[in-house]
file my_file27.cif (mmCIF, C-alpha atoms and all ligand atoms)
data_upload
#
loop_
_atom_site.label_atom_id
_atom_site.label_comp_id
_atom_site.auth_asym_id
_atom_site.auth_seq_id
_atom_site.Cartn_x
_atom_site.Cartn_y
_atom_site.Cartn_z
CA MET A 1321 112.06 136.51 86.45
CA CYS A 1322 114.68 139.24 86.76
CA TYR A 1323 114.49 142.69 85.28
CA PHE A 1324 117.54 144.92 85.38
CA THR A 1325 117.24 148.58 84.52
CA ILE A 1326 120.64 149.92 83.65
CA ILE A 1327 121.10 153.61 83.08
CA VAL A 1328 124.12 155.64 82.13
CA PHE A 1329 124.93 158.05 84.92
CA ASN A 1330 127.90 160.43 84.86
CA GLY A 1331 129.71 158.30 82.37
CA THR A 1332 129.59 155.16 84.49
CA ILE A 1333 127.09 152.32 84.29
CA GLU A 1334 125.20 151.75 87.47
CA CYS A 1335 122.54 149.25 88.31
CA MET A 1336 119.89 151.59 89.69
CA SER A 1337 117.01 149.27 90.02
CA ASN A 1338 116.77 145.58 90.31
CA VAL A 1339 113.29 144.08 90.21
CA ILE A 1340 112.50 140.45 90.88
CA THR A 1341 108.95 139.16 90.72
CA LEU A 1342 108.08 135.81 92.27
CA LYS A 1343 104.91 133.86 92.76
CA LEU A 1344 105.20 132.56 96.32
CA THR A 1345 103.08 130.05 98.17
CA ASN A 1346 101.04 131.31 101.14
CA ALA A 1347 103.53 129.65 103.48
CA GLN A 1348 106.44 131.41 101.76
CA GLU A 1349 104.64 134.77 101.93
CA THR A 1350 104.11 134.33 105.67
CA LYS A 1351 107.71 133.23 106.20
CA LEU A 1352 109.00 136.28 104.32
CA TYR A 1353 106.70 138.72 106.09
CA GLU A 1354 107.55 137.36 109.54
CA ALA A 1355 111.28 137.54 108.87
CA TRP A 1356 111.14 141.30 108.16
CA SER A 1357 107.87 142.37 109.80
CA GLU A 1358 109.56 145.16 111.77
CA ASN A 1359 110.04 146.93 108.41
CA ALA A 1360 106.35 146.80 107.52
CA LYS A 1361 104.93 149.95 105.96
CA THR A 1362 101.42 150.88 104.90
CA PRO A 1363 100.90 148.78 101.76
CA PRO A 1364 100.03 150.47 98.47
CA GLN A 1365 96.80 149.75 96.59
CA TYR A 1366 96.34 146.09 95.58
CA ALA A 1367 99.01 144.96 98.03
CA LYS A 1368 98.61 142.75 101.10
CA TRP A 1369 101.71 144.15 102.72
CA GLN A 1370 104.94 145.98 102.04
CA LEU A 1371 108.32 145.75 103.72
CA LYS A 1372 110.87 148.54 103.39
CA CYS A 1373 114.10 146.72 104.12
CA GLU A 1374 117.63 148.03 103.64
CA ASN A 1375 118.29 148.35 99.89
CA CYS A 1376 115.09 146.47 99.02
CA VAL A 1377 111.36 147.10 99.09
CA ILE A 1378 109.26 143.95 99.12
CA THR A 1379 105.61 144.22 98.09
CA CYS A 1380 103.23 141.30 98.28
CA TYR A 1381 100.27 141.88 95.94
CA THR A 1382 96.78 140.45 96.26
CA SER A 1383 97.30 138.99 92.77
CA GLY A 1384 99.72 136.52 94.34
CA LYS A 1385 102.86 138.16 93.02
CA THR A 1386 105.63 139.35 95.31
CA VAL A 1387 107.92 142.06 93.97
CA PHE A 1388 111.43 142.63 95.29
CA GLN A 1389 112.78 146.01 94.24
CA GLY A 1390 116.12 147.60 94.99
CA LYS A 1391 119.87 147.16 94.84
CA GLU A 1392 119.74 144.03 96.98
CA ALA A 1393 116.53 142.55 95.59
CA ASN A 1394 118.28 139.28 94.80
CA VAL A 1395 119.63 139.01 98.36
CA TYR A 1396 116.08 138.97 99.72
CA ALA A 1397 114.53 137.00 96.89
CA SER A 1398 117.19 134.33 96.34
CA PRO A 1399 116.16 131.96 99.16
CA PHE A 1400 112.70 131.77 97.59
CA MET A 1401 114.00 131.58 94.05
CA GLU A 1402 115.94 128.49 95.02
CA GLU A 1403 112.89 127.02 96.71
CA GLU A 1404 110.85 127.73 93.62
CA LEU A 1405 113.38 125.87 91.51
CA MET A 1406 113.84 123.06 94.03
CA GLN A 1407 110.13 122.28 94.25
CA PRO A 1408 109.83 118.92 92.56
CA LYS A 1409 107.44 119.53 89.73
CA ILE A 1410 105.51 116.36 88.95
CA ALA A 1411 105.52 115.80 85.21
CA VAL A 1412 102.07 115.22 83.75
CA LYS A 1413 103.11 111.75 82.66
CA ASP A 1414 103.82 110.74 86.28
CA ILE A 1415 100.46 111.78 87.69
CA LEU A 1416 98.60 108.86 89.26
CA PRO A 1417 95.98 107.60 89.03
CA GLN A 1418 95.81 108.04 85.28
CA ALA A 1419 93.70 106.52 82.53
CA GLY A 1420 95.06 105.76 79.09
CA SER A 1421 93.82 104.15 75.90
CA ASP A 1422 95.28 102.71 72.75
CA GLU A 1423 94.17 100.65 69.77
CA VAL A 1424 95.80 97.83 67.86
CA GLY A 1425 95.08 95.92 64.67
CA THR A 1426 94.23 98.91 62.50
CA GLY A 1427 97.27 98.33 60.27
CA ASP A 1428 96.70 94.60 59.90
CA TYR A 1429 94.69 93.29 56.95
CA PHE A 1430 93.60 90.20 58.89
CA GLY A 1431 91.98 90.21 62.29
CA PRO A 1432 90.01 92.54 64.54
CA VAL A 1433 90.57 96.07 65.76
CA VAL A 1434 90.99 96.13 69.52
CA VAL A 1435 90.77 99.20 71.76
CA CYS A 1436 91.55 99.18 75.45
CA ALA A 1437 91.31 101.88 78.12
CA ALA A 1438 92.94 101.23 81.50
CA ILE A 1439 93.33 102.97 84.86
CA VAL A 1440 96.69 102.77 86.61
CA ASP A 1441 97.17 103.78 90.24
CA LYS A 1442 100.21 103.69 92.54
CA ASN A 1443 99.98 99.94 93.20
CA THR A 1444 99.44 98.80 89.65
CA ASP A 1445 102.08 101.30 88.45
CA ALA A 1446 104.65 99.40 90.55
CA LEU A 1447 103.45 96.08 89.16
CA LEU A 1448 103.59 97.31 85.57
CA HIS A 1449 107.11 98.62 86.00
CA SER A 1450 108.22 95.31 87.52
CA LEU A 1451 106.73 93.49 84.52
CA GLY A 1452 108.60 95.79 82.15
CA VAL A 1453 105.58 97.32 80.47
CA ARG A 1454 106.65 99.77 77.86
CA ASP A 1455 105.28 100.32 74.41
CA SER A 1456 103.62 97.09 73.36
CA LYS A 1457 105.28 97.55 69.97
CA GLN A 1458 108.65 97.08 71.65
CA LEU A 1459 107.52 94.09 73.68
CA LYS A 1460 107.65 90.80 71.82
CA ASP A 1461 104.44 88.82 71.43
CA GLU A 1462 105.84 86.05 73.68
CA ASP A 1463 106.46 88.63 76.44
CA ILE A 1464 102.94 89.99 76.09
CA LEU A 1465 101.42 86.51 76.29
CA LYS A 1466 103.40 85.94 79.50
CA ILE A 1467 102.74 89.20 81.37
CA ALA A 1468 99.26 90.22 80.20
CA PRO A 1469 97.14 87.75 82.24
CA GLU A 1470 98.38 89.21 85.55
CA ILE A 1471 97.85 92.74 84.24
CA ILE A 1472 94.33 91.92 83.08
CA ALA A 1473 93.54 90.45 86.51
CA LYS A 1474 94.77 93.50 88.44
CA VAL A 1475 94.30 96.61 86.29
CA PRO A 1476 90.79 98.07 85.86
CA HIS A 1477 90.21 98.25 82.14
CA SER A 1478 87.67 98.23 79.37
CA LEU A 1479 88.28 96.22 76.23
CA LEU A 1480 86.49 96.47 72.89
CA ILE A 1481 87.04 93.94 70.14
CA VAL A 1482 85.59 94.67 66.72
CA ASP A 1483 85.61 91.53 64.59
CA ASN A 1484 86.03 91.76 60.83
CA ARG A 1485 82.35 91.39 59.88
CA LYS A 1486 81.39 94.22 62.22
CA TYR A 1487 84.37 96.30 61.13
CA ASN A 1488 83.53 95.96 57.44
CA ALA A 1489 79.91 96.92 58.06
CA VAL A 1490 80.88 99.98 60.14
CA HIS A 1491 83.56 101.04 57.68
CA GLU A 1492 80.93 101.56 54.97
CA THR A 1493 79.79 104.73 56.74
CA ASN A 1494 82.81 105.64 58.91
CA ASN A 1495 86.45 106.27 58.07
CA LEU A 1496 89.13 104.62 60.17
CA ASN A 1497 89.69 107.64 62.43
CA ALA A 1498 85.96 107.96 63.09
CA ILE A 1499 85.87 104.29 64.06
CA LYS A 1500 88.86 104.74 66.35
CA ALA A 1501 87.37 107.84 67.99
CA LYS A 1502 84.06 106.09 68.68
CA LEU A 1503 85.83 103.06 70.13
CA HIS A 1504 88.10 105.10 72.41
CA ASN A 1505 85.13 107.12 73.63
CA GLN A 1506 83.12 103.96 74.24
CA ALA A 1507 85.98 102.37 76.16
CA TYR A 1508 86.11 105.43 78.43
CA VAL A 1509 82.33 105.43 78.86
CA HIS A 1510 82.47 101.81 80.05
CA LEU A 1511 85.44 102.49 82.30
CA ASN A 1512 83.70 105.50 83.79
CA ARG A 1513 80.53 103.53 84.49
CA LYS A 1514 82.44 100.74 86.22
CA TYR A 1515 85.20 102.56 88.09
CA GLY A 1516 84.89 106.31 87.59
CA LEU A 1517 87.59 108.18 85.69
CA PRO A 1518 90.63 110.01 87.07
CA GLN A 1519 91.41 113.61 86.14
CA LEU A 1520 94.14 112.58 83.70
CA LYS A 1521 92.92 110.63 80.68
CA VAL A 1522 95.34 110.14 77.80
CA ILE A 1523 94.76 108.95 74.26
CA ASP A 1524 97.64 107.93 72.04
CA GLN A 1525 96.86 110.58 69.44
CA PHE A 1526 95.74 109.45 65.99
CA THR A 1527 93.80 112.54 64.89
CA PRO A 1528 93.67 116.23 65.94
CA GLU A 1529 91.68 116.87 69.13
CA ARG A 1530 88.98 118.82 67.25
CA SER A 1531 88.45 116.01 64.76
CA TYR A 1532 88.24 113.51 67.60
CA TYR A 1533 85.34 115.35 69.24
CA ARG A 1534 83.69 115.96 65.87
CA TYR A 1535 83.69 112.23 65.11
CA ILE A 1536 81.92 111.46 68.38
CA GLN A 1537 79.60 114.48 68.54
CA ASN A 1538 76.48 112.37 68.02
CA GLU A 1539 77.41 109.63 70.47
CA PRO A 1540 74.96 109.23 73.38
CA MET A 1541 77.74 110.05 75.85
CA VAL A 1542 81.01 111.86 75.28
CA ILE A 1543 83.96 111.73 77.69
CA ARG A 1544 85.74 115.09 77.60
CA ASN A 1545 88.91 116.67 79.03
CA ILE A 1546 91.12 114.11 77.38
CA HIS A 1547 94.82 114.73 76.90
CA PHE A 1548 96.03 113.82 73.41
CA GLU A 1549 99.66 112.99 72.79
CA THR A 1550 101.50 111.11 70.07
CA LYS A 1551 103.69 108.17 71.10
CA ALA A 1552 101.84 108.27 74.43
CA GLU A 1553 102.32 104.52 74.93
CA ASP A 1554 106.02 105.18 75.61
CA LYS A 1555 105.35 108.04 78.02
CA TYR A 1556 102.18 107.24 79.95
CA ILE A 1557 102.09 103.98 81.87
CA ALA A 1558 98.29 103.75 81.50
CA VAL A 1559 98.54 104.01 77.71
CA GLY A 1560 101.38 101.46 77.64
CA CYS A 1561 99.27 99.17 79.82
CA ALA A 1562 96.19 99.58 77.61
CA SER A 1563 98.37 98.86 74.61
CA VAL A 1564 99.62 95.59 76.15
CA ILE A 1565 96.11 94.42 77.07
CA ALA A 1566 94.81 95.28 73.59
CA ARG A 1567 97.71 93.48 71.94
CA TYR A 1568 97.11 90.41 74.10
CA ALA A 1569 93.42 90.34 73.14
CA LEU A 1570 94.39 90.67 69.48
CA LEU A 1571 96.88 87.79 69.72
CA LYS A 1572 94.27 85.57 71.40
CA LYS A 1573 91.70 86.45 68.76
CA MET A 1574 94.17 85.65 65.98
CA GLU A 1575 94.87 82.26 67.62
CA GLU A 1576 91.13 81.57 67.54
CA MET A 1577 90.94 82.60 63.88
CA ASP A 1578 93.92 80.40 62.98
CA ALA A 1579 92.21 77.42 64.63
CA LYS A 1580 88.81 78.13 63.11
CA TRP A 1581 90.06 78.51 59.53
CA ASN A 1582 92.90 76.08 59.89
CA MET A 1583 95.57 78.43 58.60
CA HIS A 1584 98.08 80.94 59.92
CA PHE A 1585 97.01 84.51 59.23
CA ALA A 1586 99.99 86.78 58.64
CA LYS A 1587 100.19 90.18 60.38
CA GLY A 1588 100.52 93.53 58.67
CA ALA A 1589 99.54 94.20 55.07
CA GLY A 1590 102.61 93.16 53.07
CA SER A 1591 103.31 90.52 50.45
CA ASN A 1592 103.12 87.62 52.92
CA VAL A 1593 99.60 88.82 53.74
CA ASP A 1594 98.74 88.82 50.03
CA ALA A 1595 99.94 85.22 49.79
CA CYS A 1596 97.86 84.33 52.82
CA ALA A 1597 94.78 86.02 51.38
CA LYS A 1598 95.20 84.20 48.08
CA GLN A 1599 95.33 80.87 49.89
CA PHE A 1600 92.28 81.78 51.97
CA VAL A 1601 90.21 82.73 48.90
CA LYS A 1602 91.26 79.54 47.15
CA GLN A 1603 90.09 77.49 50.13
CA TYR A 1604 86.98 79.34 51.26
CA GLY A 1605 85.99 81.64 48.40
CA PHE A 1606 86.16 85.41 48.04
CA ASP A 1607 82.91 86.05 49.93
CA ALA A 1608 84.29 84.45 53.09
CA LEU A 1609 87.00 87.16 53.26
CA GLU A 1610 84.69 89.57 55.08
CA ASN A 1611 84.92 87.27 58.12
CA VAL A 1612 88.68 87.54 58.46
CA ALA A 1613 89.94 90.69 56.69
CA LYS A 1614 89.48 94.45 56.51
CA LEU A 1615 88.07 94.63 53.01
CA HIS A 1616 88.89 98.28 52.27
CA PHE A 1617 92.65 97.55 52.33
CA LYS A 1618 94.39 97.54 48.94
CA ASN A 1619 95.18 93.86 49.53
CA THR A 1620 91.58 93.03 48.56
CA GLU A 1621 91.95 94.65 45.13
CA LYS A 1622 94.95 92.50 44.34
CA LEU A 1623 92.83 89.36 44.78
CA LYS A 1624 90.36 90.21 42.05
MN MN A 1701 98.55 103.81 69.30
#

call {"tool": "encode", "arguments": {"input": "my_file27.cif", "output": "structure tokens"}}
result
Amino acid sequence: MCYFTIIVFNGTIECMSNVITLKLTNAQETKLYEAWSENAKTPPQYAKWQLKCENCVITCYTSGKTVFQGKEANVYASPFMEEELMQPKIAVKDILPQAGSDEVGTGDYFGPVVVCAAIVDKNTDALLHSLGVRDSKQLKDEDILKIAPEIIAKVPHSLLIVDNRKYNAVHETNNLNAIKAKLHNQAYVHLNRKYGLPQLKVIDQFTPERSYYRYIQNEPMVIRNIHFETKAEDKYIAVGCASVIARYALLKKMEEMDAKWNMHFAKGAGSNVDACAKQFVKQYGFDALENVAKLHFKNTEKLK
């Protein structure tokens, strides 16, 4: 930060005082002090040391701030300003290890809701990048079926599959976001028990943070200090990874359902799903729907 105090003096503009404040590391403070130590003066209150150099007074405060003041403040401060800018700042999304969680199936009339939480470290991060893990929504189902088994074998994760019967029962007393919150929390509880959790835990945000913790306030155990971000599956490799594992589990479950009921359940909640539901009811009766569909969807109404 630079502050320039410009005053009008005898009709000309002169830069009287130039103040630069930096937050230096301990190593930088030492380096600076040693370079100009012959100019050391008795430090003022709240200062570790003060250097009275030519055209610049440098004061290092106990607060951690170092103030360069004088005509040539930038001459003395610039080497450290550059260093401050050059320091590679690790973006939050690149911190490893990291845990991430995501859910799938909540928008599909047929099939389960699946939530996965996964932990990615340096080694599995490299693997995931080589396999091209991005948002599972951008990966085709065939790709997911191909790459997920290796991911599942190598990445510590916790997977929760809520089948339709269970889902319909739970939905009577919980809205969708409450269900999601409880599942994400539970996935983290399992992950924590098995592997311990890293500092960074990310949820692909589906509800405000406050609502999330309100939904799970009565759970026997609550995992806190979670980072919430929308579209996190594109940004955080652990969320992308969790998304891929969850999607794989959903696809496998749908294959099982197709085989069991001898029909192909359509994805989503559109008109092809309505056609599918109609056929199912014709074959198995309306009451059997609770085994394969999320009954609160509008699609159910259309069948009556
Ligand atoms: Mn999501």

call {"tool": "closest_residue", "arguments": {"input": "my_file27.cif", "among": "A:Asp1414, A:Glu1549, A:Asp1461, A:Asp1422", "to": "ligand MN 1701 (chain A)", "atoms": "all atoms listed in the file"}}
result
A:Asp1422

call {"tool": "axis_aligned_box", "arguments": {"input": "my_file27.cif", "around": "segment 1427-1442 of chain A", "padding_each_side": "6 Å", "output": "JSON"}}
result
{"center_x": 95.1, "center_y": 97.0, "center_z": 74.7, "size_x": 22.2, "size_y": 25.6, "size_z": 47.6}

call {"tool": "residues_near_ligand", "arguments": {"input": "my_file27.cif", "ligand": "ligand MN 1701 (chain A)", "cutoff": "8 Å", "atoms": "all atoms listed in the file", "output": "list in words"}}
result
Asp1422, Glu1423, Val1424, Asp1524, Gln1525, Phe1526, Thr1550, Lys1551, Ala1552, Glu1553 and Ser1563 of chain A

call {"tool": "residues_around", "arguments": {"input": "my_file27.cif", "residues": "Leu1520 of chain A", "least_positions_apart": "2", "cutoff": "7 Å", "atoms": "all atoms listed in the file", "output": "list in words"}}
result
Gln1418, Ala1419, Pro1518 and Val1522 of chain A

call {"tool": "closest_residue", "arguments": {"input": "my_file27.cif", "among": "A:Lys1514, A:Lys1372, A:Lys1361, A:His1547", "to": "Arg1530 of chain A", "atoms": "only C-alpha atoms"}}
result
A:His1547

call {"tool": "closest_residue", "arguments": {"input": "my_file27.cif", "among": "A:Val1564, A:Val1434, A:Leu1503, A:Val1612", "to": "Tyr1532 of chain A", "atoms": "only C-alpha atoms"}}
result
A:Leu1503
